[in-house]
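**Student:** Have a look at this one.
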Amino acid sequence: MSVHDTQNPETREDALAAAVDAVRGGGLIVLPTDTVYGIGADAFTPQAVQDLLEAKGRGRDTPPPVLIGDHAVLMALATDLPEYVEDLTDALWPGALTIILTAQPSLTWDLGETRGTVALRMPEDETALELLRRTGPLAVSSANRHGKPAATSVLDAATQLGDAVEVYLDGGAARIGASSTILDATVTPAEIVREGAITKQQIIDVVGDIFTAPEPEPSEEEPEDAAGEQGEGGETGTSTESAEGAASAGDPDAATAGEADGEDPAPSVLDLPSEPELESVPQGPAETPLGAPGEAAAAPSDLAPSASEPATSEPSTAGSSTSESSASESPASESSASGSTAPAPEDRPDDGPARPEHMPG
């Protein structure tokens with residue numbers, strides 16, 4: 001065990017060289033940081049990391065953080081960084097903020113049961129940064145026995161760790177004297193695992209509120225809801241209620257759809273009930289050849305719309321006399337001449353198309 005003064009410019013270089021040699025040889029060192037004193041080992045030497053955990057009295061279930069001396073090292077050790085991490089490290093590194101990130105899967109190290117993560121920090125201390133630039137990433141934990149107060153001076157550290165450490169670097173009293181804040185950035189929203197020298201509000205001031213899950217934007221769901229409502233309405237098929245509802249809503253196709261489905265209340269020619277005037281129609285074929293040629297030619301045209309009507313009066317007409325035939329023609333002629341309002345069969349089709357004009361459009 002040896003103690004080296006890093007505050008004296010004359011001994012500073014020798015102190016750093018001794019620490020570098022100890023790290024490369026797999027030994028443990030104690031170094032000053034901006035928060036508290038830390039116990040460090042080469043992050044890529046599994047046995048050195050295991051010795052660190054044993055010196056502190058900890059198990060593999062509490063892996064140590066890793067200190068780095070440059071921002072560029074962050075990208076080499078971590079992957080899948082959230083967007084806010086770069087802004088956060090630019091603003092608060094070097095500083096008292098430790099960030100838990102997803103570790104690069106290709107790293108050949110063993111820090112303990114990390115579950116694929118790594119806790120990184122860049123300390124704001126010139127001695128620590130100079131050492132880290134020479135040694136590379138160091139696994140560093142607070143220089144104290146597990147459950148004891150963190151060491152804020154080299155004497156505190158030596159009292160607790162003793163000969164377990166090969167080299168102690170004395171940088172005076174720790175400037176902050178409190179542990180760093182640990183932020184877990186592998187979860188969404190982010191979580192503060194341990195609140196230390198950096199406050200939650202300081203983090204929010206830099207990158208916004210990353211601790212609250214963003215609410216879903218309603219604009220993205222409204223079109224889907226609208227489509228769902230239309231789909232439900234479309235399942236009603238051709239019911240009368242659907243046609244009426246579409247028409248009342250101002251649907252220009254509603255009236256047309258109603259007519260196609262047979263919903264038009266106007267009766268068609270084939271739906272007409274029997275009327276007294278139709279009884280005289282079948283008597284037309286019983287006319288004698290004595291009629292005028294013009295009248296005889298018109299008779300088939302008059303009877304065409306009623307071709308589908310049953311000729312119920314035909315048997316009686318067959319035996320009728322010429323006088324009766326003449327008598328039956330007389331009312332029809334009178335009706336035609338006088339312009340009677342009683343509808344003739346050929347006039348009935350005009351009643352159908354007139355009805356839809358009053359339907360809602």
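Residue numbers start at 1 in each chain; chains themselves are named A, B, ... in the order of the structure tokens; ligands are numbered from 1 in the order shown.
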What lies within 9 Å of A:Asp5 using only C-alpha atoms, ignoring chain neighbours under 4 positions off, as a list in words?
**Tutor:**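 In the requested form, the answer reads Pro9, Thr11, Arg12, Asp14, Ala15, Tyr168, Leu169, Asp170, Gly171 and Gly172 of chain A.
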**Student:** Please save N, CA, C and O atoms of the selected residues as a PDB file, in the first residue's frame.
**Tutor:**
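Output below, filename selection08.pdb:
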```pdb
ATOM      1  N   PRO A   9       2.503  19.639  -7.628  1.00  0.00           N
ATOM      2  CA  PRO A   9       2.912  19.482  -9.025  1.00  0.00           C
ATOM      3  C   PRO A   9       4.178  18.658  -9.183  1.00  0.00           C
ATOM      4  O   PRO A   9       4.348  17.992 -10.213  1.00  0.00           O
ATOM      5  N   THR A  11       5.076  16.026  -7.463  1.00  0.00           N
ATOM      6  CA  THR A  11       4.840  14.589  -7.259  1.00  0.00           C
ATOM      7  C   THR A  11       3.624  14.081  -8.045  1.00  0.00           C
ATOM      8  O   THR A  11       3.340  12.883  -8.022  1.00  0.00           O
ATOM      9  N   ARG A  12       2.940  14.974  -8.710  1.00  0.00           N
ATOM     10  CA  ARG A  12       1.699  14.601  -9.409  1.00  0.00           C
ATOM     11  C   ARG A  12       1.958  13.560 -10.494  1.00  0.00           C
ATOM     12  O   ARG A  12       1.243  12.563 -10.576  1.00  0.00           O
ATOM     13  N   ASP A  14       4.406  11.425 -10.873  1.00  0.00           N
ATOM     14  CA  ASP A  14       4.789  10.134 -10.302  1.00  0.00           C
ATOM     15  C   ASP A  14       3.574   9.431  -9.701  1.00  0.00           C
ATOM     16  O   ASP A  14       3.470   8.193  -9.785  1.00  0.00           O
ATOM     17  N   ALA A  15       2.695  10.189  -9.101  1.00  0.00           N
ATOM     18  CA  ALA A  15       1.499   9.614  -8.509  1.00  0.00           C
ATOM     19  C   ALA A  15       0.621   8.980  -9.589  1.00  0.00           C
ATOM     20  O   ALA A  15       0.116   7.853  -9.429  1.00  0.00           O
ATOM     21  N   TYR A 168      -3.023   4.653  -3.294  1.00  0.00           N
ATOM     22  CA  TYR A 168      -3.979   5.694  -2.905  1.00  0.00           C
ATOM     23  C   TYR A 168      -3.497   7.018  -3.489  1.00  0.00           C
ATOM     24  O   TYR A 168      -2.334   7.419  -3.286  1.00  0.00           O
ATOM     25  N   LEU A 169      -4.383   7.723  -4.171  1.00  0.00           N
ATOM     26  CA  LEU A 169      -4.083   9.053  -4.688  1.00  0.00           C
ATOM     27  C   LEU A 169      -4.780  10.084  -3.822  1.00  0.00           C
ATOM     28  O   LEU A 169      -6.015  10.063  -3.689  1.00  0.00           O
ATOM     29  N   ASP A 170      -3.975  10.977  -3.244  1.00  0.00           N
ATOM     30  CA  ASP A 170      -4.513  11.990  -2.343  1.00  0.00           C
ATOM     31  C   ASP A 170      -4.745  13.281  -3.108  1.00  0.00           C
ATOM     32  O   ASP A 170      -3.804  13.948  -3.537  1.00  0.00           O
ATOM     33  N   GLY A 171      -6.006  13.626  -3.267  1.00  0.00           N
ATOM     34  CA  GLY A 171      -6.363  14.868  -3.959  1.00  0.00           C
ATOM     35  C   GLY A 171      -7.033  15.864  -3.054  1.00  0.00           C
ATOM     36  O   GLY A 171      -7.662  16.816  -3.548  1.00  0.00           O
ATOM     37  N   GLY A 172      -6.903  15.683  -1.736  1.00  0.00           N
ATOM     38  CA  GLY A 172      -7.549  16.587  -0.797  1.00  0.00           C
ATOM     39  C   GLY A 172      -8.997  16.180  -0.555  1.00  0.00           C
ATOM     40  O   GLY A 172      -9.459  15.112  -0.971  1.00  0.00           O
TER      41      GLY A 172
END
```
**Student:** Just the residues within 12 Å of A:Ala128, please, counting only C-alpha atoms, with nothing from its chain fewer than 3 positions along; format it as a ChimeraX atom specification.
**Tutor:** /A:6,12,15-16,19-20,29-40,67-70,94-95,121-125,131-138,140,169-171,174
**Student:** Write a file of the just-selected residues containing C-alpha atoms, as a PDB file, in the first residue's frame.
**Tutor:**
```
ATOM      1  CA  THR A   6      -1.573  14.576  -6.594  1.00  0.00           C
ATOM      2  CA  ARG A  12       1.699  14.601  -9.409  1.00  0.00           C
ATOM      3  CA  ALA A  15       1.499   9.614  -8.509  1.00  0.00           C
ATOM      4  CA  LEU A  16      -0.379   9.160 -11.789  1.00  0.00           C
ATOM      5  CA  ALA A  19      -1.689   4.391 -10.342  1.00  0.00           C
ATOM      6  CA  VAL A  20      -1.498   3.471 -14.041  1.00  0.00           C
ATOM      7  CA  ILE A  29      -6.435   2.004  -6.566  1.00  0.00           C
ATOM      8  CA  VAL A  30      -8.231   4.776  -4.710  1.00  0.00           C
ATOM      9  CA  LEU A  31      -8.703   8.035  -6.625  1.00  0.00           C
ATOM     10  CA  PRO A  32     -10.325  11.388  -5.908  1.00  0.00           C
ATOM     11  CA  THR A  33     -13.466  12.414  -7.841  1.00  0.00           C
ATOM     12  CA  ASP A  34     -15.756  15.440  -7.741  1.00  0.00           C
ATOM     13  CA  THR A  35     -18.297  13.635  -5.522  1.00  0.00           C
ATOM     14  CA  VAL A  36     -16.498  11.218  -3.152  1.00  0.00           C
ATOM     15  CA  TYR A  37     -13.374   9.077  -3.263  1.00  0.00           C
ATOM     16  CA  GLY A  38     -13.652   5.928  -5.331  1.00  0.00           C
ATOM     17  CA  ILE A  39     -12.035   2.525  -5.448  1.00  0.00           C
ATOM     18  CA  GLY A  40     -11.128   1.550  -9.001  1.00  0.00           C
ATOM     19  CA  LEU A  67     -15.882   6.016 -15.176  1.00  0.00           C
ATOM     20  CA  ILE A  68     -14.720   7.381 -18.536  1.00  0.00           C
ATOM     21  CA  GLY A  69     -12.461  10.302 -19.405  1.00  0.00           C
ATOM     22  CA  ASP A  70     -14.022  11.376 -22.726  1.00  0.00           C
ATOM     23  CA  PRO A  94     -18.290  16.064 -16.579  1.00  0.00           C
ATOM     24  CA  GLY A  95     -20.448  16.024 -13.489  1.00  0.00           C
ATOM     25  CA  ARG A 121     -20.123   8.636 -15.591  1.00  0.00           C
ATOM     26  CA  MET A 122     -17.551  11.259 -16.463  1.00  0.00           C
ATOM     27  CA  PRO A 123     -16.289  12.861 -13.219  1.00  0.00           C
ATOM     28  CA  GLU A 124     -15.506  16.553 -12.948  1.00  0.00           C
ATOM     29  CA  ASP A 125     -12.025  16.186 -11.443  1.00  0.00           C
ATOM     30  CA  LEU A 131      -5.865   9.076 -15.014  1.00  0.00           C
ATOM     31  CA  LEU A 132      -8.843   7.789 -17.049  1.00  0.00           C
ATOM     32  CA  ARG A 133      -7.336   9.056 -20.289  1.00  0.00           C
ATOM     33  CA  ARG A 134      -4.274   6.949 -19.570  1.00  0.00           C
ATOM     34  CA  THR A 135      -5.907   3.790 -18.247  1.00  0.00           C
ATOM     35  CA  GLY A 136      -9.131   3.721 -20.203  1.00  0.00           C
ATOM     36  CA  PRO A 137     -12.500   2.933 -18.571  1.00  0.00           C
ATOM     37  CA  LEU A 138     -12.270   2.022 -14.870  1.00  0.00           C
ATOM     38  CA  VAL A 140     -15.170   2.522  -9.819  1.00  0.00           C
ATOM     39  CA  LEU A 169      -4.083   9.053  -4.688  1.00  0.00           C
ATOM     40  CA  ASP A 170      -4.513  11.990  -2.343  1.00  0.00           C
ATOM     41  CA  GLY A 171      -6.363  14.868  -3.959  1.00  0.00           C
ATOM     42  CA  ALA A 174     -13.806  15.841  -2.048  1.00  0.00           C
TER      43      ALA A 174
END
```
**Student:** Could you state the separation of atom CA of A:Thr102 and atom CA of A:Gln202 in Å, given to one decimal place?
**Tutor:**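 Computed distance, atom CA of A:Thr102 to atom CA of A:Gln202, equals 23.1 Å.
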**Student:** Just to confirm, what's the straight-line distance from atom CA of A:Glu113 to atom CA of A:Arg60 in Å (one decimal)?
**Tutor:**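 So the two atoms, atom CA of A:Glu113 and atom CA of A:Arg60, lie 5.7 Å apart.
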**Student:** Just the strand (DSSP E or B) stuff from stretch 18-168 of chain A, please, per backbone DSSP, written as a VMD selection string.
**Tutor:** chain A and resid 29 to 31 38 to 42 66 to 67 78 to 79 97 to 103 117 to 121 138 to 142 167 to 168
**Student:** Do you know which residues are at most 10 Å from A:Asp61 counting only C-alpha atoms, after dropping those on the same chain fewer than 6 positions away, and could you put them as a PDB file with C-alpha atoms, in the first residue's frame?
**Tutor:**
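And here's selection30.pdb as it stands now:
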```pdb
ATOM      1  CA  LEU A  53     -16.344  -6.172  -4.945  1.00  0.00           C
ATOM      2  CA  LEU A 111     -18.727  -6.360 -14.073  1.00  0.00           C
ATOM      3  CA  GLY A 112     -21.144  -8.698 -12.341  1.00  0.00           C
ATOM      4  CA  GLU A 113     -24.830  -9.290 -12.890  1.00  0.00           C
ATOM      5  CA  THR A 114     -25.457  -6.240 -15.046  1.00  0.00           C
ATOM      6  CA  ARG A 115     -28.343  -7.762 -17.073  1.00  0.00           C
TER       7      ARG A 115
END
```
**Student:** Can you work out which one of A:Ala213, A:Ala78, A:Ala48, A:Ile203 has the shortest atom-to-atom distance to A:Thr188, counting only C-alpha atoms?
**Tutor:**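 Closest residue, counting only C-alpha atoms: A:Ala213.
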**Student:** Between A:Leu81, A:Ala119, A:Ala157, A:Ala43, single out the one closest to A:Arg24, counting only C-alpha atoms.
**Tutor:**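 Of A:Leu81, A:Ala119, A:Ala157, A:Ala43, the one nearest A:Arg24 is A:Ala43, counting only C-alpha atoms.
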**Student:** One decimal, Å: what's the distance from atom CA of A:Ala185 over to atom CA of A:Val73, could you say?
**Tutor:**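 We find that atom CA of A:Ala185 and atom CA of A:Val73 lie 17.3 Å from each other.
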**Student:** Which one is closest to A:Glu126: A:Pro64, A:Arg175, A:Val193, A:Leu97? Count only C-alpha atoms.
**Tutor:**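 Looking at the shortest contact to A:Glu126, the residue is A:Arg175.
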**Student:** Counting only C-alpha atoms, figure out which residue out of A:Ala173, A:Val187, A:Leu107, A:Ala22 gets nearest to A:Leu77.
**Tutor:** A:Leu107
